[in-house]
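For reference, the structure discussed in these notes is given below.
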There are 4 protein chains.
Amino acid sequence: MPALHSIRAQFGESQPLAGIRIAACLHVTAETAALVRTLASGGAEVRLCASNPLSTQDDVVASLSEHDGIAVFARRGVDRKTYYEHIDESLAHAPHILMDDGADLARLIHTKRRDLLDQVIGGTEETTTGVVRLRSMARESVLAFPVIAVNQARTKHHFDNRYGTGQSVIDGVLRATNRLIAGSVFVVAGYGWCGRGVAMRAAGMGAQVVVTEVDPLRGLEALMEGYRVMPIAEAAPIGDFFCTVTGNARVIGEAEFLAMKNGAIVCNAGHFDVELDVETLGNLAEDRKTVREGVDEFRLNNGKSIFLLGGGRLVNLATAEGHPPDIMDLSFANQALSVKHLMYNADSLEVGVLAVPEEIDRQVAALKLDGLGIHIDQLTADQQRYMTSWQLGT
Amino acid sequence: MPALHSIRAQFGESQPLAGIRIAACLHVTAETAALVRTLASGGAEVRLCASNPLSTQDDVVASLSEHDGIAVFARRGVDRKTYYEHIDESLAHAPHILMDDGADLARLIHTKRRDLLDQVIGGTEETTTGVVRLRSMARESVLAFPVIAVNQARTKHHFDNRYGTGQSVIDGVLRATNRLIAGSVFVVAGYGWCGRGVAMRAAGMGAQVVVTEVDPLRGLEALMEGYRVMPIAEAAPIGDFFCTVTGNARVIGEAEFLAMKNGAIVCNAGHFDVELDVETLGNLAEDRKTVREGVDEFRLNNGKSIFLLGGGRLVNLATAEGHPPDIMDLSFANQALSVKHLMYNADSLEVGVLAVPEEIDRQVAALKLDGLGIHIDQLTADQQRYMTSWQLGT
Amino acid sequence: MPALHSIRAQFGESQPLAGIRIAACLHVTAETAALVRTLASGGAEVRLCASNPLSTQDDVVASLSEHDGIAVFARRGVDRKTYYEHIDESLAHAPHILMDDGADLARLIHTKRRDLLDQVIGGTEETTTGVVRLRSMARESVLAFPVIAVNQARTKHHFDNRYGTGQSVIDGVLRATNRLIAGSVFVVAGYGWCGRGVAMRAAGMGAQVVVTEVDPLRGLEALMEGYRVMPIAEAAPIGDFFCTVTGNARVIGEAEFLAMKNGAIVCNAGHFDVELDVETLGNLAEDRKTVREGVDEFRLNNGKSIFLLGGGRLVNLATAEGHPPDIMDLSFANQALSVKHLMYNADSLEVGVLAVPEEIDRQVAALKLDGLGIHIDQLTADQQRYMTSWQLGT
Amino acid sequence: MPALHSIRAQFGESQPLAGIRIAACLHVTAETAALVRTLASGGAEVRLCASNPLSTQDDVVASLSEHDGIAVFARRGVDRKTYYEHIDESLAHAPHILMDDGADLARLIHTKRRDLLDQVIGGTEETTTGVVRLRSMARESVLAFPVIAVNQARTKHHFDNRYGTGQSVIDGVLRATNRLIAGSVFVVAGYGWCGRGVAMRAAGMGAQVVVTEVDPLRGLEALMEGYRVMPIAEAAPIGDFFCTVTGNARVIGEAEFLAMKNGAIVCNAGHFDVELDVETLGNLAEDRKTVREGVDEFRLNNGKSIFLLGGGRLVNLATAEGHPPDIMDLSFANQALSVKHLMYNADSLEVGVLAVPEEIDRQVAALKLDGLGIHIDQLTADQQRYMTSWQLGT
């Protein structure tokens with residue numbers, strides 16, 4: 001993670017976050033630890049909880065607590081009650097800045113903990129799903145501080161959602177099932193940036209890709225890429241693998257489960273575990289058993305079996321290791337620089353969901369290219385003039 | 001062109017452009033004729049000139065003049081002087097609306113023909129290059145009316161620049177040269193939407209693709225797609241084919257031409273003929289001859305030959321037929337609906353470069369999907385609520 | 001064509017074909033001219049006729065006759081009667097060696113011209129279709145001389161059928177129709193080497209590829225490549241483009257034509273014009289007209305139109321220029337060296353369909369790699385020992 | 001594994017292997033267990049040892065021993081001495097048929113255990129590497145019985161080597177490293193069927209693929225597929241990932257290790273652990289430590305680190321789970337039917353390396369297609385006549 005590493009070095013020297021309290025609700029992984037250490041090295045007091053109880057790496061929790069003295073409230077596989085208690089505790093130091101992966105902290109502070117709103121300078125949000133929620137809050141004039149949508153940085157969603165999710169979903173499916181993707185029908189529900197990544201990699205492994213969408217523009221684009229596009233009802237009976245990446249709820253439910261082939265493999269990579277209606281799947285099943293690590297077989301009344309990966313939570317975290325560190329480097333470099341930006345521009349930023357400033361985006365890209373040893377061209381003076389002058393003719 | 005066709009039917013009935021004078025400077029092709037007829041059927045008085053003298057289809061000129069009574073000022077291969085006279089003439093009826101493909105009309109009316117500025121309501125612009133120019137004009141407070149950047153419509157640049165240019169550049173190269181692309185090194189200068197399309201299709205034909213860029217974000221993205229990324233100086237000696245799609249000037253010049261392999265094939269698909277420094281190539285050559293239709297061999301002093309396609313103008317128009325009609329349908333449906341939008345919102349639109357309204361974009365996509373017989377999903381009420389409500393938790 | 005060029009130089013010096021009479025029935029193109037000149041430079045007396053009247057390039061005929069003094073019996077677009085007269089004439093000098101592209105000369109000499117069989121040393125055959133026929137002849141003990149199946153050379157069918165046909169079919173479809181391939185359903189009937197090439201390139205242009213096959217092994221392989229596999233009856237109503245490359249007859253007939261979508265585009269690249277049942281298509285049509293060069297519209301009684309490319313003959317020759325010279329170089333280098341091999345081994349070769357000797361195949365590959373400036377590794381002495389010694393353990 | 005399953009049912013009824021003793025040296029996995037049970041259900045007495053100590057699944061050993069009463073001599077990670085003792089023991093019942101995965105049993109019986117040669121009917125061989133060895137033995141007239149090269153079955157090498165190895169190498173690399181493949185340079189040494197599979201899938205995950213070869217024909221083919229082709233010496237300093245699949249020894253050695261980038265990841269999928277010169281790598285290293293499961297870091301004297309996966313043994317078995325069962329089904333169906341074929345044709349088969357009979361190949365493909373629910377076309381009577389009749393003209 002060379003980009004984050006170089007930011008950490010700089011933060012260590014200039015202490016830009018001295019005296020700042022941060023609450024972070026993120027997947028608790030080795031990469032997140034690097035981000036938290038970067039923030040701490042800049043002088044911040046960080047409290048960390050998990051944005052998903054299944055993704056927590058307990059050794060990371062231990063290491064952050066013991067070696068770095070950071071307050072971490074997370075443990076893999078905790079129940080729902082403990083999970084929410086952890087989120088509550090991460091706010092206990094009355095943070096100036098909230099770092100979210102799904103808007104959970106933002107929701108909590110705007111509802112049960114409005115008492116803490118006063119000293120909040122701003123927040124950052126890692127996911128599309130969180131951004132959608134925050135925009136709703138802004139639309140309803142509920143949102144009380146500026147939030148930088150890190151997900152909207154080009155160095156984030158052009159890379160993380162597409163190349164990171166794309167690879168890690170394939171990784172999760174292979175680790176969980178060891179099934180052959182070549183020659184299969186791989187259904188991708190949702191053709192946003194994550195869906196593009198999953199579709200691209202499933203095709204790269206030899207699958208026939210089927211895309212389902214609700215947006216005509218995305219549907220048309222998936223078609224032009226050579227994928228089949230159809231409603232989920234038509235896709236259900238022909239798919240061998242299904243992966244939901246819509247950011248929405250109950251994309252695959254009773255009708256689809258009942259229509260599927262015997263042996264269909266179903267997973268989700270769209271943030272929350274609501275995309276697959278797992279409860280209904282359970283109700284439809286005569287029998288449910290774990291047949292491999294991370295793979296539950298649901299034997300339906302119609303005699304067919306459906307295999308659910310990672311319990312319907314994010315498959316790339318549940319049965320693989322999430323985004324490769326190469327990718328998290330980009331996201332978290334944006335996070336670190338965005339926190340600094342919030343702090344230094346506390347007075348001038350508007351309340352609402354804000355874009356990552358383009359200069360941060362470019363700075364991250366430049367740091368990354370450097371690390372990869374890739375050189376590109378520079379505009380000549382002549383070319384710069386051409387680009388900005390409208391008086392030069394044909 | 002089903003989308004444009006259905007708009008034409010509607011325009012014929014409701015006459016939304018009655019009494020409006022339009023000057024259009026576009027590639028004069030069969031598809032443009034369909035657009036012009038759509039505008040005329042809506043009641044507009046249209047004068048048409050060519051945005052590129054090499055792309056003019058003389059039979060289209062004849063047909064528009066004779067059967068449709070439209071004033072067309074264009075003839076294939078006219079000299080520079082006549083070409084500019086034609087542009088002048090297209091403004092002679094003091095238009096209300098300007099339709100540009102490279103901002104030529106806008107430039108003319110803001111310089112030599114400022115007398116005509118008064119009655120102009122607004123304009124549309126088809127290309128990225130034109131938009132860059134118009135934005136410069138806006139920045140310098142020169143631009144005097146609103147211009148809708150049709151190129152920025154998702155149904156335009158997601159399809160036209162990528163799938164249209166991608167295919168038609170391959171088509172142009174094959175028609176001109178009949179050379180094998182598989183196993184070759186295909187250098188794409190510029191990784192905007194057009195560059196993506198050309199790179200994708202060159203790879204699809206079996207080439208090793210090399211991308212050159214000035215933007216670190218685009219360079220990083222090309223790399224992640226599996227292409228090689230390097231400065232043009234490194235690409236020059238290894239390329240078999242070169243295609244410029246930067247929208248900038250002198251991307252390939254003396255140093256690159258001298259470094260190329262014997263037999264290198266060079267073309268441009270980036271709007272103007274300035275991307276390749278053809279003049280310098282001529283100066284470097286001991287001998288220049290046309291070896292096939294659209295292919296000029298330059299025998300350099302260093303003993304090597306370079307083959308230039310279509311004289312350095314847009315190869316997909318010069319040696320092929322431009323975008324397939326399936327693609328132009330999307331662009332021109334946006335154009336027609338944008339003209340109507342300009343007219344009906346003349347008072348409220350700000351001066352500047354404006355986006356195509358999202359409702360037009362969706363309307364075009366919907367018309368297209370219908371025509372292709374593709375069905376997609378609709379959000380359920382439950383899902384719509386989920387997308388807009390930030391209070392529903394994990 | 002560097003490989004053939006270097007063979008020509010060598011033939012010119014050593015005159016290996018002195019006194020040999022050759023009859024060649026090949027597509028009469030610029031590349032064939034280079035082959036014929038190579039043979040002539042080696043001392044052979046060559047008579048050339050066309051294997052397909054639509055592929056004849058009349059300027060090549062003129063040039064070979066006038067400048068090279070070679071007897072050519074071919075003219076573009078001749079009627080069936082003249083075509084067969086030309087084939088007859090190519091045998092008039094009682095050839096020692098027959099060069100076929102579809103076994104037409106072999107068939108003729110084994111039927112009507114058995115009087116000429118005596119002095120025939122052997123033959124070469126360029127196509128899969130021809131090889132199938134010759135094998136039937138051998139099985140029925142009719143074949144009277146050895147024929148080298150040039151098509152079976154790895155440097156032939158690995159390159160010509162796949163990369164050559166793949167690219168040139170796309171080229172032919174684009175030149176004829178200028179239709180967008182991206183987002184279309186492209187049906188490839190037959191998944192031999194040609195079918196693989198067409199499928200690969202159609203997918204590379206953004207199509208959804210559907211493969212139809214009669215061989216379960218090829219069907220399974222197409223599936224594993226990510227294509228849809230189904231019977232032609234299921235493919236007919238969903239295809240936008242159809243290309244037959246089976247080497248068999250009436251692959252697309254009445255039932256399929258009637259089931260197709262309005263606007264379906266149909267072509268053949270499988271050697272003879274029998275793969276599409278054009279006669280039946282004509283009978284089904286109320287009206288037939290040429291709408292672009294090489295494109296005939298058949299308006300069926302069911303109200304739908306089907307567009308036939310190149311009259312159902314090889315689309316890559318009828319509406320494009322056949323294989324790129326880069327590819328023909330490999331085929332024809334095999335041809336030239338095979339003719340020499342026939343001559344020098346006349347006594348020892350068995351009657352039947354023979355493979356190209358592996359040393360010729362390697363020689364051709366070596367000549368080509370040299371020309372492309374590509375270097376590869378050599379086995380070390382240690383590695384050579386490892387490969388040949390079974391006593392070295394794990 | 002539907003194909004093998006249906007063979008097992010048939011074997012159970014007809015007992016075709018009654019009284020036959022089989023020694024099998026294969027990767028001891030769940031799929032191999034299914035094969036062994038199929039043979040046993042046909043009446044055979046099977047002794048099983050491991051072809052690779054790292055691939056042994058100890059629970060499979062236990063299950064075969066305890067539930068099926070099969071003599072298994074294998075334990076994961078045994079030392080070299082025990083490994084060879086296990087191979088010895090598998091021959092102790094004086095087998096009629098040998099089943100090999102690398103010709104280890106064949107080598108042993110032709111050297112130290114020639115006393116057992118007499119009652120051997122024949123053998124089967126699963127891998128290309130084994131076939132190369134057996135052919136050497138046949139060439140030197142050492143081989144004493146017929147061996148069916150299962151690897152040469154189209155249903156084997158068209159699927160197992162390409163789609164199986166292709167996917168499982170990616171799986172192994174991802175599980176071991178969790179590194180991003182997109183944007184990396186992935187070097188594939190060897191472009192046989194396995195190499196094609198690895199190259200195809202690495203490209204499908206977004207890598208730039210570099211192929212190294214010693215065979216000019218394969219090199220030319222890799223080039224035409226769009227890969228870069230170069231000597232390993234040129235590839236060494238630019239690769240991020242290296243995978244050897246040559247079937248040869250010391251493909252990557254001292255010079256290459258020293259030339260590599262810091263952080264290069266190196267693995268082997270070419271059968272034996274000799275392709276990477278691991279011993280030399282160890283000698284070059286100042287320090288070696290295991291940094292993740294299956295990943296050893298070698299810190300070289302030049303300051304750079306090289307990461308070796310799976311100790312240089314087959315990465316798809318060492319850090320993943322080998323071929324998906326979907327693929328093994330094809331291989332092992334061929335194995336089972338080949339064993340039966342050996343037995344029923346003991347008298348008539350020639351000594352040497354023999355192909356899988358085509359009727360077995362087709363039977364396996366037919367069983368598989370059935371299981372996948374895929375339908376294909378049948379030749380019409382008319383088409384069958386066309387294919388076999390050479391008298392039907394153009």
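By order of appearance in the structure tokens: chains A, B, ..., then residues from 1 within every chain, and ligands from 1 in the order shown.
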
Mind checking which residues fall within 8 Å of segment 25-40 of chain C, counting only C-alpha atoms, ignoring those fewer than 4 positions away in the same chain, and posting them as a PyMOL selection string?
chain C and resi 4-5+7-8+11-12+17+44-46+48-52+55-57+60-61+64+68+74+87+90+98-101+104-105+325+328-329+332-333+336

Hey, which bits of chain C sit within 8 Å of chain D, and for each residue what's the closest pair of atoms and how far apart in Å (one decimal), counting only C-alpha atoms, rows by chain and increasing number, as a tab-separated table?
residue	atom	partner	partner_atom	distance
C:Asp104	CA	D:Gly393	CA	7.8
C:Arg107	CA	D:Gln391	CA	7.1
C:Val132	CA	D:Met387	CA	6.9
C:Arg133	CA	D:Trp390	CA	4.5
C:Leu134	CA	D:Trp390	CA	6.9
C:Ser136	CA	D:Thr388	CA	5.6
C:Met137	CA	D:Trp390	CA	6.4
C:Arg154	CA	D:Leu217	CA	7.5
C:Thr155	CA	D:Leu217	CA	7.1
C:His158	CA	D:Glu221	CA	7.4
C:Phe159	CA	D:Glu221	CA	7.6
C:Tyr163	CA	D:Met224	CA	7.5
C:Thr212	CA	D:Ile376	CA	6.7
C:Glu213	CA	D:Asp377	CA	5.8
C:Val214	CA	D:Asp377	CA	4.7
C:Asp215	CA	D:Ile376	CA	7.8
C:Pro216	CA	D:Ala365	CA	6.0
C:Leu217	CA	D:Ala365	CA	5.8
C:Gly219	CA	D:Ile376	CA	7.1
C:Leu220	CA	D:Leu369	CA	6.9
C:Glu221	CA	D:His158	CA	7.4
C:Met224	CA	D:Tyr163	CA	7.4
C:Val229	CA	D:Ile374	CA	7.2
C:Met230	CA	D:Ile376	CA	5.5
C:Pro231	CA	D:Ile376	CA	4.8
C:Ile232	CA	D:Asp377	CA	7.0
C:Asn248	CA	D:Gln383	CA	6.3
C:Ala249	CA	D:Gln383	CA	5.9
C:Arg250	CA	D:Gln383	CA	7.6
C:Phe272	CA	D:Thr394	CA	6.2
C:Asp273	CA	D:Thr394	CA	7.4
C:Val274	CA	D:Thr394	CA	7.6
C:Arg362	CA	D:Leu217	CA	7.1
C:Ala365	CA	D:Leu217	CA	5.8
C:Ala366	CA	D:Pro216	CA	6.3
C:Leu369	CA	D:Leu220	CA	6.9
C:Ile374	CA	D:Met230	CA	6.9
C:His375	CA	D:Met230	CA	5.8
C:Ile376	CA	D:Pro231	CA	4.8
C:Asp377	CA	D:Val214	CA	4.7
C:Gln378	CA	D:Val214	CA	5.2
C:Leu379	CA	D:Val214	CA	6.3
C:Asp382	CA	D:Ala249	CA	7.9
C:Gln383	CA	D:Ala249	CA	5.9
C:Tyr386	CA	D:Asn248	CA	6.8
C:Met387	CA	D:Asn248	CA	6.5
C:Thr388	CA	D:Ser136	CA	5.7
C:Ser389	CA	D:Ser136	CA	6.5
C:Trp390	CA	D:Arg133	CA	4.6
C:Gln391	CA	D:Arg107	CA	7.1
C:Gly393	CA	D:Asp104	CA	7.8
C:Thr394	CA	D:Phe272	CA	6.2

Could you give me, as a PyMOL selection string, each residue of segment 89-282 of chain A that DSSP assigns to strand (DSSP E or B) when run on this structure's backbone?
chain A and resi 97-100+122-125+146-149+185-189+208-212+228-229+241-244+252+264-268+276

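Coordinates place atom CA of Ser331 of chain C at a distance of 22.3 Å from atom CA of Ala71 of chain C.
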
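Proximity of B:Pro237, B:Ala203, B:Pro324, B:Val315 to Thr177 of chain C, computed with only C-alpha atoms, is greatest for B:Pro324.
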
Using DSSP assignments from the backbone, pull out every residue in segment 52-209 of chain D that falls under alpha helix (DSSP H) and give it to me as a PyMOL selection string.
chain D and resi 58-68+80-90+104-110+128-139+154-156+165-177+193-204

Could you pull the residues within 7 Å of segment 184-189 of chain B, counting only C-alpha atoms, minus those fewer than 6 positions along the same chain, as a PyMOL selection string?
chain B and resi 195+199+202+207-213+235+238-246

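Shortest atom-to-atom contact with Lys156 of chain B among B:Ser305, B:Phe298, B:Thr128, B:Ala144: B:Thr128, counting only C-alpha atoms.
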